[in-house]
$ cat entry08.tsv   # TSV, C-alpha atoms
chain	number	residue	atom	x	y	z
U	96	MET	CA	112.88	-70.76	3.43
U	97	VAL	CA	110.24	-71.94	0.97
U	98	TYR	CA	107.57	-71.86	3.62
U	99	ARG	CA	108.58	-68.41	4.77
U	100	ASN	CA	107.76	-67.13	1.27
U	101	LYS	CA	104.29	-68.64	1.51
U	102	LYS	CA	103.59	-66.81	4.74
U	103	GLY	CA	101.19	-63.93	4.16
U	104	GLN	CA	100.78	-64.64	0.46
U	105	ALA	CA	96.98	-64.76	0.64
U	106	VAL	CA	96.88	-61.57	2.69
U	107	ALA	CA	99.08	-59.82	0.14
U	108	GLU	CA	96.78	-61.06	-2.63
U	109	MET	CA	93.76	-59.68	-0.80
U	110	ALA	CA	95.50	-56.35	-0.38
U	111	ILE	CA	96.02	-56.17	-4.16
U	112	PHE	CA	92.69	-57.54	-5.32
U	113	GLY	CA	90.79	-55.87	-2.49
U	114	THR	CA	92.04	-52.52	-3.76
U	115	LEU	CA	90.81	-53.39	-7.23
U	116	ILE	CA	87.42	-54.42	-5.85
U	117	LEU	CA	87.13	-51.13	-3.94
U	118	LEU	CA	88.03	-49.21	-7.09
U	119	ILE	CA	85.29	-51.04	-9.03
U	120	PHE	CA	82.93	-50.27	-6.14
U	121	GLY	CA	83.72	-46.57	-6.49
U	122	VAL	CA	82.92	-46.70	-10.20
U	123	LEU	CA	79.63	-48.50	-9.46
U	124	LEU	CA	78.68	-45.84	-6.91
U	125	SER	CA	79.32	-43.01	-9.34
U	126	PHE	CA	77.25	-44.86	-11.92
U	127	ILE	CA	74.31	-45.21	-9.49
U	128	GLN	CA	74.56	-41.52	-8.64
U	129	GLN	CA	74.57	-40.53	-12.29
U	130	LEU	CA	71.53	-42.67	-13.16
U	131	ASN	CA	69.59	-41.32	-10.16
U	132	ASP	CA	70.45	-37.72	-10.97
U	133	ARG	CA	69.43	-38.13	-14.61
U	134	GLN	CA	66.07	-39.65	-13.71
U	135	TYR	CA	65.44	-37.00	-11.06
U	136	THR	CA	66.18	-34.13	-13.44
U	137	GLN	CA	63.91	-35.46	-16.19
U	138	MET	CA	61.04	-35.96	-13.75
U	139	GLU	CA	61.52	-32.57	-12.17
U	140	ALA	CA	61.51	-30.83	-15.57
U	141	PHE	CA	58.07	-32.22	-16.42
U	142	ARG	CA	56.53	-31.48	-13.03
U	143	ARG	CA	57.87	-27.94	-13.05
U	144	ALA	CA	56.58	-27.43	-16.59
U	145	LEU	CA	53.13	-28.57	-15.45
U	146	ALA	CA	53.21	-26.18	-12.52
U	147	LYS	CA	54.37	-23.26	-14.63
U	148	ALA	CA	51.77	-23.81	-17.37
U	149	ASN	CA	48.93	-24.30	-14.93
U	150	SER	CA	49.69	-21.42	-12.61
U	151	TYR	CA	50.71	-18.82	-15.19
U	152	THR	CA	48.60	-15.68	-15.25
U	153	SER	CA	49.16	-13.10	-17.93
U	154	ASP	CA	48.75	-9.34	-17.53
U	155	ALA	CA	46.03	-9.26	-20.17
U	156	GLU	CA	42.45	-10.27	-19.42
U	157	ASP	CA	42.47	-13.32	-21.57
U	158	GLY	CA	42.72	-15.91	-18.84
U	159	SER	CA	45.40	-18.00	-17.26
U	160	GLY	CA	47.58	-20.88	-18.31
U	161	ALA	CA	50.28	-21.09	-20.95
U	162	SER	CA	52.18	-23.17	-23.41
U	163	VAL	CA	55.50	-23.85	-21.69
U	164	GLN	CA	58.76	-25.13	-23.04
U	165	TYR	CA	60.73	-25.89	-19.89
U	166	THR	CA	64.46	-26.54	-19.72
U	167	LEU	CA	66.05	-27.61	-16.47
U	168	VAL	CA	69.80	-27.61	-15.95
U	169	GLN	CA	71.34	-28.90	-12.76
U	170	ASN	CA	74.99	-28.92	-11.82
U	171	ARG	CA	75.52	-31.74	-9.39
U	172	HIS	CA	78.68	-32.76	-7.65
U	173	GLN	CA	79.53	-36.39	-8.12
U	174	ILE	CA	82.17	-38.74	-6.83
U	175	ASN	CA	85.63	-38.02	-8.17
U	176	LEU	CA	87.95	-40.89	-7.35
U	177	ALA	CA	91.00	-38.93	-8.41
U	178	GLY	CA	89.92	-35.67	-6.74
U	179	GLY	CA	90.95	-34.03	-3.48
U	180	TYR	CA	89.18	-34.01	-0.14
U	181	LYS	CA	85.42	-33.36	-0.71
U	182	GLN	CA	86.21	-31.97	-4.15
U	183	GLY	CA	83.94	-34.11	-6.34
U	184	SER	CA	83.36	-33.24	-9.94
U	185	ASN	CA	80.71	-31.02	-11.41
U	186	VAL	CA	78.39	-32.93	-13.73
U	187	THR	CA	75.63	-31.18	-15.69
U	188	GLN	CA	72.27	-32.90	-15.97
U	189	THR	CA	69.55	-31.53	-18.24
U	190	GLY	CA	65.89	-32.27	-18.66
U	191	SER	CA	63.23	-30.62	-20.80
U	192	ALA	CA	59.47	-30.80	-21.15
U	193	ASN	CA	56.70	-29.14	-23.16
U	194	VAL	CA	53.30	-28.59	-21.59
U	195	TYR	CA	50.25	-26.84	-23.05
U	196	TRP	CA	47.76	-26.07	-20.31
U	197	ALA	CA	45.58	-23.08	-21.16
U	198	ILE	CA	41.93	-24.03	-21.37
U	199	PRO	CA	40.43	-20.59	-20.54
U	200	LYS	CA	42.41	-18.84	-23.26
U	201	SER	CA	41.54	-21.40	-25.90
U	202	ALA	CA	37.86	-21.08	-25.01
U	203	LYS	CA	38.02	-17.36	-25.76
U	204	GLY	CA	39.52	-18.04	-29.16
U	205	SER	CA	42.84	-16.36	-28.47
U	206	SER	CA	46.15	-18.13	-28.47
U	207	ALA	CA	47.85	-19.10	-25.24
U	208	GLU	CA	50.94	-17.28	-24.05
U	209	SER	CA	54.00	-19.14	-25.23
U	210	LEU	CA	56.77	-19.25	-22.65
U	211	LEU	CA	60.34	-20.43	-22.71
U	212	VAL	CA	61.47	-21.18	-19.18
U	213	PHE	CA	65.06	-21.86	-18.20
U	214	ARG	CA	65.75	-23.08	-14.71
U	215	ILE	CA	69.47	-23.20	-14.08
U	216	ASN	CA	69.98	-24.81	-10.69
U	217	GLU	CA	67.92	-22.55	-8.41
U	218	ASP	CA	67.42	-19.56	-10.68
U	219	GLU	CA	64.64	-19.28	-13.19
U	220	GLY	CA	64.36	-17.12	-16.28
U	221	VAL	CA	61.06	-16.74	-18.15
U	222	VAL	CA	60.99	-15.48	-21.73
U	223	LYS	CA	57.79	-14.70	-23.66
U	224	TYR	CA	58.07	-15.94	-27.20
U	225	ASN	CA	55.93	-13.11	-28.53
U	226	ASP	CA	58.24	-10.44	-27.06
U	227	PHE	CA	60.79	-11.50	-29.65
U	228	ILE	CA	58.50	-12.01	-32.63
U	229	PRO	CA	56.49	-8.87	-33.57
U	230	GLU	CA	52.85	-9.27	-34.55
U	231	ALA	CA	53.62	-8.52	-38.21
U	232	HIS	CA	56.11	-11.39	-38.46
U	233	ARG	CA	54.16	-14.17	-36.80
U	234	ARG	CA	53.33	-17.24	-38.83
U	235	VAL	CA	49.57	-16.75	-38.66
U	236	ASP	CA	47.91	-13.34	-39.07
U	237	GLU	CA	44.84	-11.97	-37.24
U	238	ASP	CA	42.50	-13.65	-39.74
U	239	GLY	CA	44.09	-17.04	-39.20
U	240	GLN	CA	45.91	-17.02	-42.56
U	241	GLU	CA	49.49	-18.24	-42.92
U	242	ARG	CA	51.93	-15.54	-43.97
U	243	PRO	CA	54.32	-16.25	-46.88
U	244	THR	CA	57.31	-15.31	-44.69
U	245	TYR	CA	57.47	-15.42	-40.93
U	246	TRP	CA	59.98	-15.31	-38.07
U	247	VAL	CA	60.89	-18.07	-35.66
U	248	LEU	CA	62.79	-17.86	-32.38
U	249	GLN	CA	65.36	-20.62	-32.00
U	250	THR	CA	67.50	-21.37	-28.95
U	251	GLU	CA	71.02	-22.57	-29.58
U	252	ASN	CA	73.17	-24.92	-27.50
U	253	MET	CA	73.82	-23.61	-23.99
U	254	ASP	CA	77.26	-22.25	-23.17
U	255	THR	CA	78.77	-23.00	-19.79
U	256	GLU	CA	81.87	-21.34	-18.42
U	257	SER	CA	83.23	-22.37	-15.06
U	258	ASP	CA	85.80	-20.74	-12.86
U	259	THR	CA	87.04	-23.28	-10.32
U	260	LEU	CA	89.60	-22.94	-7.55
U	261	PHE	CA	90.36	-25.84	-5.26
U	262	SER	CA	93.02	-26.05	-2.58
U	263	GLU	CA	93.73	-28.66	0.04
U	264	ARG	CA	95.91	-28.63	3.14
U	265	ASN	CA	96.95	-31.61	5.25
U	266	VAL	CA	98.51	-31.05	8.67
U	267	LYS	CA	99.90	-33.92	10.71
U	268	SER	CA	101.18	-33.35	14.22
U	269	GLU	CA	102.62	-35.93	16.57
U	270	ASP	CA	103.25	-35.85	20.30
U	271	THR	CA	103.90	-38.48	22.92
U	272	TYR	CA	100.21	-39.36	23.23
U	273	ALA	CA	98.72	-39.26	19.75
U	274	ILE	CA	98.96	-38.40	16.10
U	275	THR	CA	96.57	-35.64	15.02
U	276	ASN	CA	95.59	-35.20	11.40
U	277	ARG	CA	93.77	-32.17	10.06
U	278	ARG	CA	92.50	-31.92	6.52
U	279	VAL	CA	91.10	-28.70	5.10
U	280	SER	CA	89.81	-28.07	1.58
U	281	ARG	CA	88.56	-24.89	-0.03
U	282	LEU	CA	86.36	-24.88	-3.11
U	283	LYS	CA	85.27	-21.91	-5.16
U	284	ASP	CA	83.25	-22.78	-8.22
U	285	ASP	CA	81.44	-20.17	-10.27
U	286	ILE	CA	79.44	-21.15	-13.31
U	287	VAL	CA	78.16	-18.82	-15.99
U	288	THR	CA	75.40	-20.37	-18.07
U	289	SER	CA	74.21	-18.62	-21.21
U	290	VAL	CA	71.38	-19.49	-23.55
U	291	PRO	CA	71.99	-17.99	-26.99
U	292	TYR	CA	69.14	-17.39	-29.42
U	293	LYS	CA	68.61	-16.70	-33.08
U	294	ILE	CA	65.61	-15.20	-34.87
U	295	VAL	CA	65.26	-16.83	-38.25
U	296	GLU	CA	63.07	-15.83	-41.18
U	297	LYS	CA	61.35	-18.71	-42.94
U	298	GLN	CA	59.09	-19.11	-45.95
U	299	THR	CA	55.90	-21.13	-46.01
U	300	GLY	CA	56.33	-24.17	-48.25
U	301	ASN	CA	60.06	-23.64	-48.74
U	302	ASN	CA	62.07	-25.63	-46.23
U	303	ASP	CA	65.41	-24.67	-47.77
U	304	TYR	CA	65.02	-20.94	-47.11
U	305	GLU	CA	66.39	-19.58	-43.84
U	306	ARG	CA	67.73	-16.12	-43.05
U	307	THR	CA	69.09	-15.03	-39.69
U	308	VAL	CA	67.45	-11.79	-38.57
U	309	GLU	CA	68.93	-11.40	-35.09
U	310	GLU	CA	71.25	-13.19	-32.68
U	311	GLY	CA	71.91	-12.69	-28.99
U	312	ILE	CA	71.71	-14.05	-25.46
U	313	LEU	CA	68.27	-15.04	-24.25
U	314	TYR	CA	69.17	-15.77	-20.64
U	315	GLN	CA	72.41	-15.64	-18.69
U	316	VAL	CA	73.15	-16.33	-15.05
U	317	ARG	CA	76.28	-16.47	-12.88
U	318	GLN	CA	76.07	-18.86	-9.96
U	319	GLY	CA	78.37	-19.84	-7.14
U	320	VAL	CA	78.68	-23.04	-5.14
U	321	TYR	CA	77.39	-23.36	-1.59
U	322	LEU	CA	76.71	-26.12	0.88
U	323	ASP	CA	73.05	-26.82	1.69
U	324	PRO	CA	71.90	-27.98	5.17
U	325	GLU	CA	72.07	-31.61	4.04
U	326	GLY	CA	75.73	-31.24	3.11
U	327	GLN	CA	75.19	-31.21	-0.66
U	328	TYR	CA	76.92	-28.80	-3.02
U	329	LYS	CA	74.37	-26.54	-4.72
U	330	TYR	CA	74.60	-23.52	-7.02
U	331	SER	CA	72.78	-20.22	-6.78
U	332	GLN	CA	72.97	-16.69	-8.12
U	333	GLN	CA	72.89	-15.45	-4.52
U	334	THR	CA	76.18	-17.17	-3.74
U	335	ALA	CA	78.27	-16.13	-6.76
U	336	GLY	CA	81.91	-15.81	-5.70
U	337	ASN	CA	81.32	-17.93	-2.58
U	338	GLU	CA	84.00	-20.23	-1.18
U	339	VAL	CA	83.14	-23.46	0.64
U	340	THR	CA	85.51	-24.67	3.35
U	341	ARG	CA	85.36	-28.21	4.64
U	342	GLU	CA	87.56	-29.72	7.28
U	343	LYS	CA	88.06	-32.84	9.30
U	344	THR	CA	90.30	-33.56	12.28
U	345	TRP	CA	90.97	-36.98	13.68
U	346	VAL	CA	93.22	-38.24	16.44
U	347	THR	CA	94.95	-41.59	16.66
U	348	PRO	CA	96.09	-42.20	20.26
U	349	PHE	CA	99.09	-44.39	20.95
L	42	MET	CA	108.33	-82.16	9.61
L	43	GLY	CA	105.96	-80.92	12.26
L	44	TYR	CA	107.08	-77.39	11.59
L	45	SER	CA	106.40	-77.74	7.84
L	46	VAL	CA	102.89	-79.12	8.34
L	47	LEU	CA	102.10	-76.23	10.64
L	48	LYS	CA	103.20	-73.73	7.99
L	49	ARG	CA	101.10	-75.43	5.31
L	50	GLY	CA	98.09	-75.13	7.55
L	51	GLN	CA	98.71	-71.44	8.01
L	52	SER	CA	98.58	-70.83	4.29
L	53	THR	CA	95.30	-72.73	3.95
L	54	THR	CA	93.77	-70.84	6.86
L	55	GLU	CA	94.84	-67.54	5.37
L	56	ILE	CA	93.25	-68.41	2.05
L	57	ALA	CA	90.04	-69.46	3.79
L	58	PHE	CA	89.81	-66.17	5.71
L	59	VAL	CA	90.73	-64.04	2.72
L	60	PHE	CA	88.24	-65.86	0.51
L	61	ALA	CA	85.49	-65.33	3.06
L	62	GLY	CA	86.48	-61.65	3.31
L	63	ILE	CA	86.37	-61.13	-0.44
L	64	VAL	CA	83.00	-62.88	-0.76
L	65	LEU	CA	81.58	-60.71	2.04
L	66	LEU	CA	82.95	-57.54	0.47
L	67	PHE	CA	81.57	-58.49	-2.93
L	68	ALA	CA	78.15	-59.37	-1.46
L	69	ALA	CA	78.00	-56.04	0.40
L	70	ILE	CA	78.90	-54.15	-2.78
L	71	MET	CA	76.16	-55.97	-4.68
L	72	GLN	CA	73.62	-55.11	-1.95
L	73	ILE	CA	74.52	-51.42	-2.27
L	74	TRP	CA	74.20	-51.69	-6.04
L	75	PHE	CA	70.73	-53.26	-5.70
L	76	TRP	CA	69.75	-50.54	-3.23
L	77	GLY	CA	70.78	-47.89	-5.77
L	78	ASN	CA	68.79	-49.55	-8.54
L	79	LYS	CA	65.70	-49.89	-6.35
L	80	GLN	CA	65.63	-46.11	-5.87
L	81	ILE	CA	65.21	-45.61	-9.61
L	82	VAL	CA	62.34	-48.09	-9.87
L	83	ARG	CA	60.52	-46.85	-6.75
L	84	ARG	CA	60.87	-43.21	-7.71
L	85	GLN	CA	59.37	-44.00	-11.12
L	86	GLN	CA	56.43	-45.86	-9.52
L	87	SER	CA	55.79	-42.97	-7.17
L	88	TYR	CA	56.06	-40.48	-10.02
L	89	ASN	CA	53.57	-42.42	-12.15
L	90	ALA	CA	51.16	-42.69	-9.23
L	91	GLY	CA	51.16	-38.92	-8.75
L	92	ARG	CA	50.59	-37.96	-12.38
L	93	VAL	CA	46.84	-37.54	-12.18
L	94	THR	CA	47.02	-35.37	-9.09
L	95	ALA	CA	49.78	-33.26	-10.60
L	96	GLY	CA	47.78	-32.81	-13.80
L	97	THR	CA	44.38	-32.00	-12.28
L	98	SER	CA	43.66	-28.32	-12.49
L	99	SER	CA	40.48	-28.59	-10.37
L	100	ASP	CA	42.68	-29.59	-7.46
L	101	SER	CA	44.26	-26.78	-5.47
L	102	TYR	CA	47.45	-27.12	-7.38
L	103	THR	CA	50.57	-28.37	-5.72
L	104	LEU	CA	53.78	-29.09	-7.47
L	105	GLN	CA	53.69	-32.75	-6.40
L	106	TRP	CA	57.41	-32.58	-6.09
L	107	PRO	CA	59.61	-34.26	-4.97
L	108	VAL	CA	57.70	-37.44	-5.58
L	109	TYR	CA	59.80	-39.80	-3.53
L	110	LYS	CA	62.09	-39.72	-0.53
L	111	PRO	CA	64.91	-42.23	-1.02
L	112	GLU	CA	65.15	-45.08	1.41
L	113	GLU	CA	68.05	-44.69	3.79
L	114	LEU	CA	71.00	-47.02	3.25
L	115	LYS	CA	71.43	-48.88	6.52
L	116	GLU	CA	73.98	-51.35	7.79
L	117	GLU	CA	71.31	-54.09	7.95
L	118	THR	CA	70.49	-53.55	4.27
L	119	VAL	CA	74.09	-54.09	3.25
L	120	LEU	CA	74.87	-57.03	5.55
L	121	LYS	CA	71.61	-58.98	5.37
$ encode --input "entry08.tsv" --output "C-alpha cells"
Amino acid sequence: MVYRNKKGQAVAEMAIFGTLILLIFGVLLSFIQQLNDRQYTQMEAFRRALAKANSYTSDAEDGSGASVQYTLVQNRHQINLAGGYKQGSNVTQTGSANVYWAIPKSAKGSSAESLLVFRINEDEGVVKYNDFIPEAHRRVDEDGQERPTYWVLQTENMDTESDTLFSERNVKSEDTYAITNRRVSRLKDDIVTSVPYKIVEKQTGNNDYERTVEEGILYQVRQGVYLDPEGQYKYSQQTAGNEVTREKTWVTPF
Amino acid sequence: MGYSVLKRGQSTTEIAFVFAGIVLLFAAIMQIWFWGNKQIVRRQQSYNAGRVTAGTSSDSYTLQWPVYKPEELKEETVLK
C-alpha cells in the first residue's frame, strides 16, 4: 500500500512544477517581446525624424529641410496568457525624436520650417508650428528682437480610446474514427488616438506668467486592426471597423 | 521483498527521468531567453553602424530602416 502511493509521485510533481515553469516561460517571452518592441520604436522614431527633416521641401523658395519634432506611437499585440485564442493584448509603445536638418534655409538667414509630426501606427499627420502661431505673436520679431509677450504651442498627453470586441467559438465533434476540434476567434479592435494642444501666452523674463489662448485637437485618427502578410496584428486608418477572423482545425484519429 | 525493491527502483527511475526533463526544459527556456536578448544587442550594433549613412545628406537619402532583420529562432538554437 505504501509503495503504491509512491508510484507516479515524481511524475505528478513534474506535472505541477512543469506547469509553473511553463508559466514563468510565458512571462519571460512577453518580457522579451516588450523590450524588443520598445527598442524598435525608439530607433524607428529617430530614423523617421531624420528622413522627414532631410527630405522636407516647403512651398516657399527658401530651401529644403526642417526642424522636426517626431512622435511615433505603435499599438502592438503582445502575448496575453489569460486571453482567448489569438487574442493577445494591445500594448502601446511610444518613441520621440527631435532633428534639425535645414542647412540651405539657415544659409539664407531665414528660420527653418518647424514641424510636429505624429505617426500613429501607419498613419502620419504633419502640423506646421507656424500655422498655429501668427507672425505677430512669435517670440522673435522680424528684426531679431524678443517680444515682451509671445505665444507657444504645447501638445498635451495623447488620448486613446479603444473599442474592442472579441469572441471565440470551440467546436468538438467525435465519430468512430477521430475527434475533430475547430477553434474560431473574431477580433474587432478600433483605436481612436487624439493629440490635444494648447496655445499659451508667455512673458519674457517672467516664468510664472502663463495664459491659455486656445485649446483643441491637433491630430486625430481612427484605426482598425488587420492582419499583415506575416501574421502580425497591425492598425491602419484604411481598416477602421475591420474584423479579423482566425481559425484552426485539428484532428486526433483513434 | 523482491516486489518492494522493484517498486523502490521505479521511484528512483522516475525521479531521474523527471529531473532530466526539468533540466532540459529549463535549459531550452534559457536558450530562448538568450536568443531574445541577443536581438536587442545586435539591433543596437546594426543601428549604430548605420548612423553615418542615415545622417549623410550628400548620399541619395534612404531611410536606412529597418536596420536589422532578427535571426530566426531554430530548433538547433534551443537544443544546442
$ closest_atom_pairs --input "entry08.tsv" --of "chain U" --to "chain L" --cutoff "8 Å" --atoms "only C-alpha atoms" --output "Markdown table"
| residue | atom | partner | partner_atom | distance |
| --- | --- | --- | --- | --- |
| U:Tyr98 | CA | L:Lys48 | CA | 6.5 |
| U:Lys101 | CA | L:Ser52 | CA | 6.7 |
| U:Lys102 | CA | L:Ser52 | CA | 6.4 |
| U:Gly103 | CA | L:Ser52 | CA | 7.4 |
| U:Gln104 | CA | L:Ser52 | CA | 7.6 |
| U:Ala105 | CA | L:Ile56 | CA | 5.4 |
| U:Val106 | CA | L:Val59 | CA | 6.6 |
| U:Met109 | CA | L:Val59 | CA | 6.4 |
| U:Gly113 | CA | L:Ile63 | CA | 7.2 |
| U:Ile116 | CA | L:Phe67 | CA | 7.7 |
| U:Phe120 | CA | L:Ile70 | CA | 6.5 |
| U:Leu123 | CA | L:Trp74 | CA | 7.2 |
| U:Leu124 | CA | L:Trp74 | CA | 7.4 |
| U:Ile127 | CA | L:Gly77 | CA | 5.8 |
| U:Gln128 | CA | L:Gly77 | CA | 7.9 |
| U:Leu130 | CA | L:Ile81 | CA | 7.8 |
| U:Asn131 | CA | L:Ile81 | CA | 6.2 |
| U:Gln134 | CA | L:Ile81 | CA | 7.3 |
| U:Met138 | CA | L:Tyr88 | CA | 7.7 |
| U:Glu139 | CA | L:Trp106 | CA | 7.3 |
| U:Arg142 | CA | L:Leu104 | CA | 6.6 |
| U:Arg143 | CA | L:Leu104 | CA | 7.0 |
| U:Leu145 | CA | L:Gly96 | CA | 7.0 |
| U:Ala146 | CA | L:Leu104 | CA | 5.9 |
| U:Asn149 | CA | L:Ser98 | CA | 7.1 |
$ atom_distance --input "entry08.tsv" --atom1 "CA of Glu117 in chain L" --atom2 "CA of Trp345 in chain U"
26.7 Å
$ closest_residue --input "entry08.tsv" --among "U:Asp236, U:Glu241, U:Asp132, U:Glu251" --to "Lys297 in chain U" --atoms "all atoms listed in the file"
U:Glu241
$ residues_around --input "entry08.tsv" --residues "range 260-272 of chain U" --least-positions-apart "6" --cutoff "6 Å" --atoms "all atoms listed in the file" --output "ChimeraX atom specification"
/U:278-283,348-349
$ atom_distance --input "entry08.tsv" --atom1 "CA of Ser191 in chain U" --atom2 "CA of Tyr165 in chain U"
5.4 Å
$ closest_residue --input "entry08.tsv" --among "U:Thr244, U:Thr334, U:Gln137, U:Ser257" --to "Gln298 in chain U" --atoms "all atoms listed in the file"
U:Thr244
$ residues_around --input "entry08.tsv" --residues "Arg234 in chain U" --least-positions-apart "4" --cutoff "7 Å" --atoms "all atoms listed in the file" --output "number ranges by chain"
U: 241-242, 245-246
$ residues_around --input "entry08.tsv" --residues "range 303-318 of chain U" --least-positions-apart "2" --cutoff "7 Å" --atoms "all atoms listed in the file" --output "PDB file with C-alpha atoms, in the frame of the given file"
ATOM      1  CA  GLY U 220      64.360 -17.120 -16.280  1.00  0.00           C
ATOM      2  CA  ASP U 285      81.440 -20.170 -10.270  1.00  0.00           C
ATOM      3  CA  ILE U 286      79.440 -21.150 -13.310  1.00  0.00           C
ATOM      4  CA  VAL U 287      78.160 -18.820 -15.990  1.00  0.00           C
ATOM      5  CA  THR U 288      75.400 -20.370 -18.070  1.00  0.00           C
ATOM      6  CA  SER U 289      74.210 -18.620 -21.210  1.00  0.00           C
ATOM      7  CA  VAL U 290      71.380 -19.490 -23.550  1.00  0.00           C
ATOM      8  CA  PRO U 291      71.990 -17.990 -26.990  1.00  0.00           C
ATOM      9  CA  TYR U 292      69.140 -17.390 -29.420  1.00  0.00           C
ATOM     10  CA  LYS U 293      68.610 -16.700 -33.080  1.00  0.00           C
ATOM     11  CA  ILE U 294      65.610 -15.200 -34.870  1.00  0.00           C
ATOM     12  CA  VAL U 295      65.260 -16.830 -38.250  1.00  0.00           C
ATOM     13  CA  GLU U 296      63.070 -15.830 -41.180  1.00  0.00           C
ATOM     14  CA  LYS U 297      61.350 -18.710 -42.940  1.00  0.00           C
ATOM     15  CA  GLN U 298      59.090 -19.110 -45.950  1.00  0.00           C
ATOM     16  CA  ASN U 301      60.060 -23.640 -48.740  1.00  0.00           C
ATOM     17  CA  VAL U 320      78.680 -23.040  -5.140  1.00  0.00           C
ATOM     18  CA  TYR U 330      74.600 -23.520  -7.020  1.00  0.00           C
ATOM     19  CA  SER U 331      72.780 -20.220  -6.780  1.00  0.00           C
ATOM     20  CA  GLN U 332      72.970 -16.690  -8.120  1.00  0.00           C
ATOM     21  CA  THR U 334      76.180 -17.170  -3.740  1.00  0.00           C
ATOM     22  CA  ALA U 335      78.270 -16.130  -6.760  1.00  0.00           C
TER      23      ALA U 335
END
$ atom_distance --input "entry08.tsv" --atom1 "CA of Leu248 in chain U" --atom2 "CA of Arg133 in chain U"
27.8 Å
$ closest_residue --input "entry08.tsv" --among "U:Gly326, U:Thr344, U:Ser206, U:Asn170" --to "Gly239 in chain U" --atoms "all atoms listed in the file"
U:Ser206
